[in-house]
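Asks: Input structure: upload-v9.cif, which contains mmCIF, C-alpha atoms.
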```cif
data_structure
#
loop_
_atom_site.label_atom_id
_atom_site.label_comp_id
_atom_site.auth_asym_id
_atom_site.auth_seq_id
_atom_site.Cartn_x
_atom_site.Cartn_y
_atom_site.Cartn_z
CA GLN A 1 43.28 -31.52 -40.04
CA SER A 2 43.99 -33.30 -36.75
CA ALA A 3 47.24 -34.95 -35.80
CA LEU A 4 47.48 -38.69 -36.27
CA THR A 5 47.11 -40.61 -33.01
CA GLN A 6 50.09 -42.44 -31.57
CA PRO A 7 50.59 -43.97 -28.12
CA PRO A 8 52.66 -41.61 -25.96
CA SER A 9 55.16 -44.30 -25.04
CA ALA A 10 56.40 -47.79 -25.81
CA SER A 11 59.21 -49.82 -24.34
CA GLY A 12 61.08 -53.06 -24.57
CA SER A 13 64.25 -54.75 -23.40
CA PRO A 14 67.26 -55.07 -25.68
CA GLY A 15 66.62 -57.73 -28.30
CA GLN A 16 62.85 -57.54 -27.93
CA SER A 17 60.38 -56.04 -30.40
CA VAL A 18 58.19 -53.01 -30.06
CA THR A 19 55.36 -51.91 -32.33
CA ILE A 20 54.06 -48.35 -32.59
CA SER A 21 50.65 -47.61 -34.04
CA CYS A 22 49.57 -44.54 -35.97
CA THR A 23 45.84 -44.04 -36.40
CA GLY A 24 44.41 -41.56 -38.86
CA THR A 25 41.33 -41.40 -41.02
CA SER A 26 40.11 -42.49 -44.42
CA SER A 27 41.32 -39.11 -45.71
CA ASP A 28 44.97 -39.57 -44.81
CA VAL A 29 46.43 -42.88 -43.60
CA GLY A 30 43.63 -44.89 -45.15
CA ALA A 31 43.60 -43.00 -48.43
CA TYR A 32 47.19 -43.12 -49.62
CA ASN A 33 50.25 -45.30 -49.23
CA TYR A 34 52.30 -42.23 -48.33
CA VAL A 35 52.84 -43.03 -44.68
CA SER A 36 56.31 -42.29 -43.33
CA TRP A 37 58.05 -42.71 -40.00
CA HIS A 38 60.63 -40.34 -38.55
CA GLN A 39 63.01 -40.95 -35.66
CA GLN A 40 64.14 -38.02 -33.56
CA HIS A 41 66.80 -38.09 -30.88
CA PRO A 42 66.87 -35.22 -28.36
CA ASP A 43 68.02 -31.92 -29.88
CA LYS A 44 68.48 -33.51 -33.29
CA ALA A 45 66.71 -33.19 -36.59
CA PRO A 46 64.29 -35.98 -37.50
CA LYS A 47 65.56 -38.90 -39.53
CA LEU A 48 63.43 -40.81 -42.02
CA MET A 49 63.07 -44.47 -41.08
CA MET A 50 60.28 -45.63 -43.37
CA TYR A 51 58.42 -44.26 -46.37
CA GLU A 52 55.54 -45.43 -48.56
CA VAL A 53 54.35 -47.52 -45.58
CA SER A 54 57.04 -50.20 -45.70
CA LYS A 55 60.08 -48.99 -47.65
CA ARG A 56 63.35 -48.38 -45.81
CA PRO A 57 65.67 -45.59 -46.91
CA SER A 58 69.23 -46.58 -47.58
CA GLY A 59 71.13 -47.13 -44.33
CA VAL A 60 68.13 -47.94 -42.14
CA PRO A 61 68.54 -51.40 -40.57
CA ASP A 62 66.13 -54.13 -41.60
CA ARG A 63 65.17 -54.40 -37.92
CA PHE A 64 62.71 -51.64 -38.80
CA SER A 65 59.56 -52.62 -40.68
CA GLY A 66 56.31 -50.89 -41.53
CA SER A 67 52.76 -51.93 -42.38
CA LYS A 68 49.29 -50.51 -42.77
CA SER A 69 45.77 -51.80 -42.31
CA GLY A 70 42.86 -49.52 -43.01
CA ASN A 71 43.35 -46.22 -41.22
CA THR A 72 46.15 -47.49 -38.97
CA ALA A 73 49.83 -47.77 -39.82
CA SER A 74 52.45 -49.47 -37.67
CA LEU A 75 56.19 -49.38 -37.21
CA THR A 76 57.89 -52.41 -35.69
CA VAL A 77 61.40 -52.35 -34.31
CA SER A 78 62.79 -55.84 -33.86
CA GLY A 79 65.91 -56.70 -31.92
CA LEU A 80 65.79 -53.45 -29.95
CA GLN A 81 69.09 -51.71 -29.45
CA ALA A 82 70.05 -48.89 -27.12
CA GLU A 83 70.38 -46.45 -30.02
CA ASP A 84 66.72 -47.06 -30.97
CA GLU A 85 65.65 -45.11 -27.90
CA ALA A 86 64.12 -41.97 -29.38
CA GLU A 87 60.88 -40.22 -30.27
CA TYR A 88 59.10 -41.63 -33.33
CA TYR A 89 56.62 -39.70 -35.46
CA CYS A 90 54.47 -41.00 -38.25
CA SER A 91 53.39 -38.71 -41.07
CA ALA A 92 50.84 -39.12 -43.81
CA TYR A 93 49.81 -37.39 -47.00
CA ALA A 94 46.27 -36.10 -46.62
CA GLY A 95 45.53 -35.10 -50.20
CA ASN A 96 45.50 -31.68 -51.90
CA GLY A 97 49.13 -31.12 -51.01
CA LYS A 98 48.54 -31.42 -47.29
CA TYR A 99 50.48 -33.47 -44.76
CA VAL A 100 49.93 -34.41 -41.14
CA PHE A 101 52.21 -35.73 -38.41
CA GLY A 102 51.43 -38.07 -35.58
CA THR A 103 51.48 -37.09 -31.93
CA GLY A 104 54.75 -38.90 -31.34
CA THR A 105 55.79 -41.99 -29.38
CA LYS A 106 58.68 -42.10 -26.96
CA VAL A 107 60.42 -45.47 -27.28
CA THR A 108 62.41 -46.52 -24.23
CA VAL A 109 64.90 -49.36 -24.23
CA LEU A 110 64.75 -50.84 -20.75
CA GLN B 1 77.55 -33.59 -48.81
CA VAL B 2 73.91 -32.55 -48.51
CA LEU B 3 73.35 -29.48 -46.39
CA LEU B 4 70.25 -27.51 -45.47
CA VAL B 5 70.93 -24.45 -43.35
CA GLU B 6 68.06 -22.42 -41.95
CA SER B 7 68.41 -18.82 -40.83
CA GLY B 8 66.30 -15.84 -39.92
CA GLY B 9 64.89 -16.98 -36.61
CA ALA B 10 64.53 -14.28 -33.97
CA VAL B 11 62.46 -12.94 -31.10
CA VAL B 12 59.49 -10.99 -32.47
CA GLN B 13 56.44 -9.38 -30.91
CA PRO B 14 52.93 -10.70 -31.52
CA GLY B 15 51.61 -9.35 -34.79
CA GLY B 16 55.09 -9.03 -36.19
CA SER B 17 56.66 -10.56 -39.28
CA LEU B 18 59.72 -12.67 -39.99
CA ARG B 19 61.27 -14.24 -43.07
CA LEU B 20 63.08 -17.53 -42.73
CA SER B 21 65.59 -18.82 -45.28
CA CYS B 22 66.90 -22.30 -45.98
CA ALA B 23 70.08 -22.55 -48.05
CA ALA B 24 70.52 -25.88 -49.82
CA SER B 25 73.67 -27.47 -51.16
CA GLY B 26 74.95 -30.88 -52.17
CA PHE B 27 71.89 -31.92 -54.16
CA THR B 28 69.85 -30.65 -57.11
CA PHE B 29 67.53 -28.40 -55.12
CA SER B 30 65.38 -27.50 -58.13
CA ASN B 31 64.30 -31.13 -58.50
CA PHE B 32 62.92 -31.46 -54.99
CA PHE B 33 59.58 -30.67 -53.40
CA MET B 34 60.26 -29.02 -50.05
CA HIS B 35 58.57 -28.62 -46.65
CA TRP B 36 58.71 -26.41 -43.62
CA VAL B 37 58.08 -28.28 -40.38
CA ARG B 38 58.04 -26.77 -36.90
CA GLN B 39 58.42 -28.05 -33.37
CA ALA B 40 57.27 -26.05 -30.38
CA PRO B 41 59.45 -26.42 -27.27
CA GLY B 42 58.93 -29.88 -25.81
CA LYS B 43 56.22 -30.70 -28.35
CA GLY B 44 55.82 -32.79 -31.48
CA LEU B 45 56.37 -32.09 -35.15
CA GLU B 46 53.87 -29.97 -37.07
CA TRP B 47 53.79 -29.63 -40.84
CA VAL B 48 53.75 -25.94 -41.84
CA ALA B 49 54.14 -25.61 -45.61
CA PHE B 50 54.84 -27.54 -48.81
CA ILE B 51 56.02 -26.24 -52.16
CA ARG B 52 56.52 -28.08 -55.43
CA SER B 53 59.89 -28.15 -57.14
CA ASP B 54 59.10 -25.36 -59.58
CA GLY B 55 57.36 -23.24 -56.98
CA THR B 56 54.05 -23.27 -58.82
CA ASN B 57 51.95 -24.63 -55.97
CA GLN B 58 52.05 -24.06 -52.22
CA TYR B 59 50.06 -25.75 -49.50
CA TYR B 60 49.45 -25.00 -45.83
CA PRO B 61 47.55 -26.30 -42.81
CA ASP B 62 44.67 -24.20 -41.51
CA SER B 63 46.78 -23.02 -38.58
CA VAL B 64 49.02 -20.85 -40.79
CA ARG B 65 47.10 -20.37 -44.05
CA GLY B 66 46.71 -16.71 -44.87
CA ARG B 67 49.61 -15.73 -42.58
CA PHE B 68 52.54 -17.78 -43.90
CA THR B 69 53.87 -17.91 -47.46
CA VAL B 70 56.42 -20.42 -48.74
CA SER B 71 58.51 -19.60 -51.80
CA ARG B 72 61.78 -20.63 -53.39
CA ASP B 73 64.55 -19.31 -55.59
CA ASN B 74 65.91 -22.29 -57.50
CA ALA B 75 68.65 -20.18 -59.04
CA LYS B 76 69.97 -19.48 -55.54
CA ASN B 77 69.10 -22.88 -54.07
CA THR B 78 67.10 -21.24 -51.33
CA LEU B 79 63.73 -21.89 -49.71
CA PHE B 80 61.86 -19.15 -47.86
CA LEU B 81 59.05 -18.85 -45.35
CA GLN B 82 57.45 -15.45 -44.92
CA MET B 83 55.56 -15.34 -41.64
CA ASN B 84 53.15 -12.48 -40.93
CA ASN B 85 50.82 -11.67 -38.05
CA LEU B 86 52.80 -13.94 -35.77
CA ARG B 87 51.18 -15.37 -32.66
CA PRO B 88 52.70 -16.75 -29.45
CA GLU B 89 51.65 -20.24 -30.56
CA ASP B 90 53.96 -19.89 -33.58
CA THR B 91 56.94 -20.10 -31.21
CA ALA B 92 58.94 -23.10 -32.38
CA LEU B 93 62.06 -24.46 -34.00
CA TYR B 94 61.47 -24.28 -37.75
CA PHE B 95 63.01 -26.95 -39.98
CA CYS B 96 63.22 -27.09 -43.74
CA ALA B 97 63.14 -30.57 -45.22
CA SER B 98 63.00 -32.29 -48.57
CA ASN B 99 59.81 -34.17 -49.35
CA TRP B 100 60.10 -37.51 -47.63
CA ASN B 101 57.37 -39.33 -49.58
CA TYR B 102 59.84 -40.99 -51.93
CA GLY B 103 62.62 -41.71 -49.47
CA ASN B 104 64.55 -38.46 -49.61
CA ASP B 105 65.70 -37.47 -46.16
CA TYR B 106 67.28 -34.04 -46.07
CA TRP B 107 66.64 -31.89 -42.99
CA GLY B 108 68.23 -28.76 -41.64
CA GLN B 109 69.06 -28.22 -37.99
CA GLY B 110 66.33 -25.63 -37.53
CA THR B 111 66.04 -21.95 -36.69
CA LEU B 112 64.26 -20.75 -33.56
CA VAL B 113 61.35 -18.35 -33.74
CA THR B 114 60.08 -16.85 -30.48
CA VAL B 115 56.93 -14.76 -30.47
CA SER B 116 56.69 -12.82 -27.25
CA SER B 117 56.04 -9.32 -25.99
#
```
Take the structure in this file and express it as structure tokens.
Replies:
Amino acid sequence: QSALTQPPSASGSPGQSVTISCTGTSSDVGAYNYVSWHQQHPDKAPKLMMYEVSKRPSGVPDRFSGSKSGNTASLTVSGLQAEDEAEYYCSAYAGNGKYVFGTGTKVTVL
Amino acid sequence: QVLLVESGGAVVQPGGSLRLSCAASGFTFSNFFMHWVRQAPGKGLEWVAFIRSDGTNQYYPDSVRGRFTVSRDNAKNTLFLQMNNLRPEDTALYFCASNWNYGNDYWGQGTLVTVSS
């Protein structure tokens, strides 16, 4: 299975919003509502920011929101803060016990 | 406090084998589906293996199927990844993680595997 497609980079000024897309196929993103988003700071383990498309784990600020339309999922970060600068990866369940990650998006806070 | 601690990473020659371990504590390990995820130097995340809570089913991407085997010992709260016929492209930091589908977010800090002659 191929990696989900994400833009390599996204940026915004503090307080602004940024939206990251994650495009898959009808066999993964489009097939199940098991799309997750993971934040990774340099030399750190990933951290779950969103699961089941739009659910936030405990402790994740409500500035983070998720959505899905067809084969494309999106993560929006509103009210950008310096600590939001990181790499973001989507992941999706692809059926038959298989999973796939996105290519990753580097978010820069200007 | 939840803790996942990977070990077993090393430098190995192409064609060699390695067994990674992931020791879990602070949560009921036997209730959780678990993954192995890897990250090549400077690259993105790649899913490597998935095992159900009771160990009855294992799943892999095409890139490692037939070479890697995931298993677990729930009595010892430990997850394993047996890696055979290693290739240079298997060089990566290997993480164990709880299944994130339902909001569980437990990750280790990773163990480094380098495949080189």
Asks: Around the point (61.2, -17.2, -37.7) in the file's coordinates, collect all residues with an atom within 9 Å, using all atoms listed in the file, and return them as an mmCIF file with C-alpha atoms, in the coordinates of the input.
Replies:
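That gives us point_14.cif:
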```
data_model
loop_
_atom_site.group_PDB
_atom_site.id
_atom_site.type_symbol
_atom_site.label_atom_id
_atom_site.label_comp_id
_atom_site.auth_asym_id
_atom_site.auth_seq_id
_atom_site.Cartn_x
_atom_site.Cartn_y
_atom_site.Cartn_z
ATOM 1 C CA SER B 7 68.410 -18.820 -40.830
ATOM 2 C CA GLY B 8 66.300 -15.840 -39.920
ATOM 3 C CA GLY B 9 64.890 -16.980 -36.610
ATOM 4 C CA ALA B 10 64.530 -14.280 -33.970
ATOM 5 C CA VAL B 11 62.460 -12.940 -31.100
ATOM 6 C CA VAL B 12 59.490 -10.990 -32.470
ATOM 7 C CA SER B 17 56.660 -10.560 -39.280
ATOM 8 C CA LEU B 18 59.720 -12.670 -39.990
ATOM 9 C CA ARG B 19 61.270 -14.240 -43.070
ATOM 10 C CA LEU B 20 63.080 -17.530 -42.730
ATOM 11 C CA SER B 21 65.590 -18.820 -45.280
ATOM 12 C CA LEU B 81 59.050 -18.850 -45.350
ATOM 13 C CA GLN B 82 57.450 -15.450 -44.920
ATOM 14 C CA MET B 83 55.560 -15.340 -41.640
ATOM 15 C CA ASP B 90 53.960 -19.890 -33.580
ATOM 16 C CA THR B 91 56.940 -20.100 -31.210
ATOM 17 C CA ALA B 92 58.940 -23.100 -32.380
ATOM 18 C CA LEU B 93 62.060 -24.460 -34.000
ATOM 19 C CA TYR B 94 61.470 -24.280 -37.750
ATOM 20 C CA THR B 111 66.040 -21.950 -36.690
ATOM 21 C CA LEU B 112 64.260 -20.750 -33.560
ATOM 22 C CA VAL B 113 61.350 -18.350 -33.740
ATOM 23 C CA THR B 114 60.080 -16.850 -30.480
ATOM 24 C CA VAL B 115 56.930 -14.760 -30.470
#
```
Asks: Distance limit 9 Å, atoms considered: all atoms listed in the file. Which chain A residues sit that close to chain B? Return them as a PyMOL selection string.
Replies: chain A and resi 1+3+34-36+43-52+55-58+89+92-93+96-104
Asks: Find the smallest box with edges along x, y and z containing every listed atom of segment 2-14 of chain B, then add 6 Å on each side and report centre and edge lengths in Å to one decimal, as AutoDock Vina command-line options.
Replies:
```
--center_x 63.4 --center_y -21.0 --center_z -39.7 --size_x 33.0 --size_y 35.2 --size_z 29.6
```
Asks: For atom CA of Pro88 of chain B and atom CA of Val64 of chain B, quote the distance in Å rounded to one decimal.
Replies: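 Separation of atom CA of Pro88 of chain B and atom CA of Val64 of chain B: 12.6 Å.
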Asks: So which residues touch segment 18-24 of chain A within 9 Å, counting only C-alpha atoms, skipping near sequence neighbours fewer than 3 positions away, as an MDAnalysis selection string?
Replies: chainID A and resid 2:7 9:12 27:30 71:80 88:92 102:105 107
Asks: Taking into account all atoms listed in the file, which residue in the set B:Gln39, B:Asn99, B:Asn85, B:Thr28 is nearest to Pro14 of chain B?
Replies: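 Closest candidate: B:Asn85.
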Asks: Could you check which of B:Ser116, B:Thr78, B:Asn84, B:Ser25 is closest to Arg65 of chain B, using only C-alpha atoms?
Replies: B:Asn84
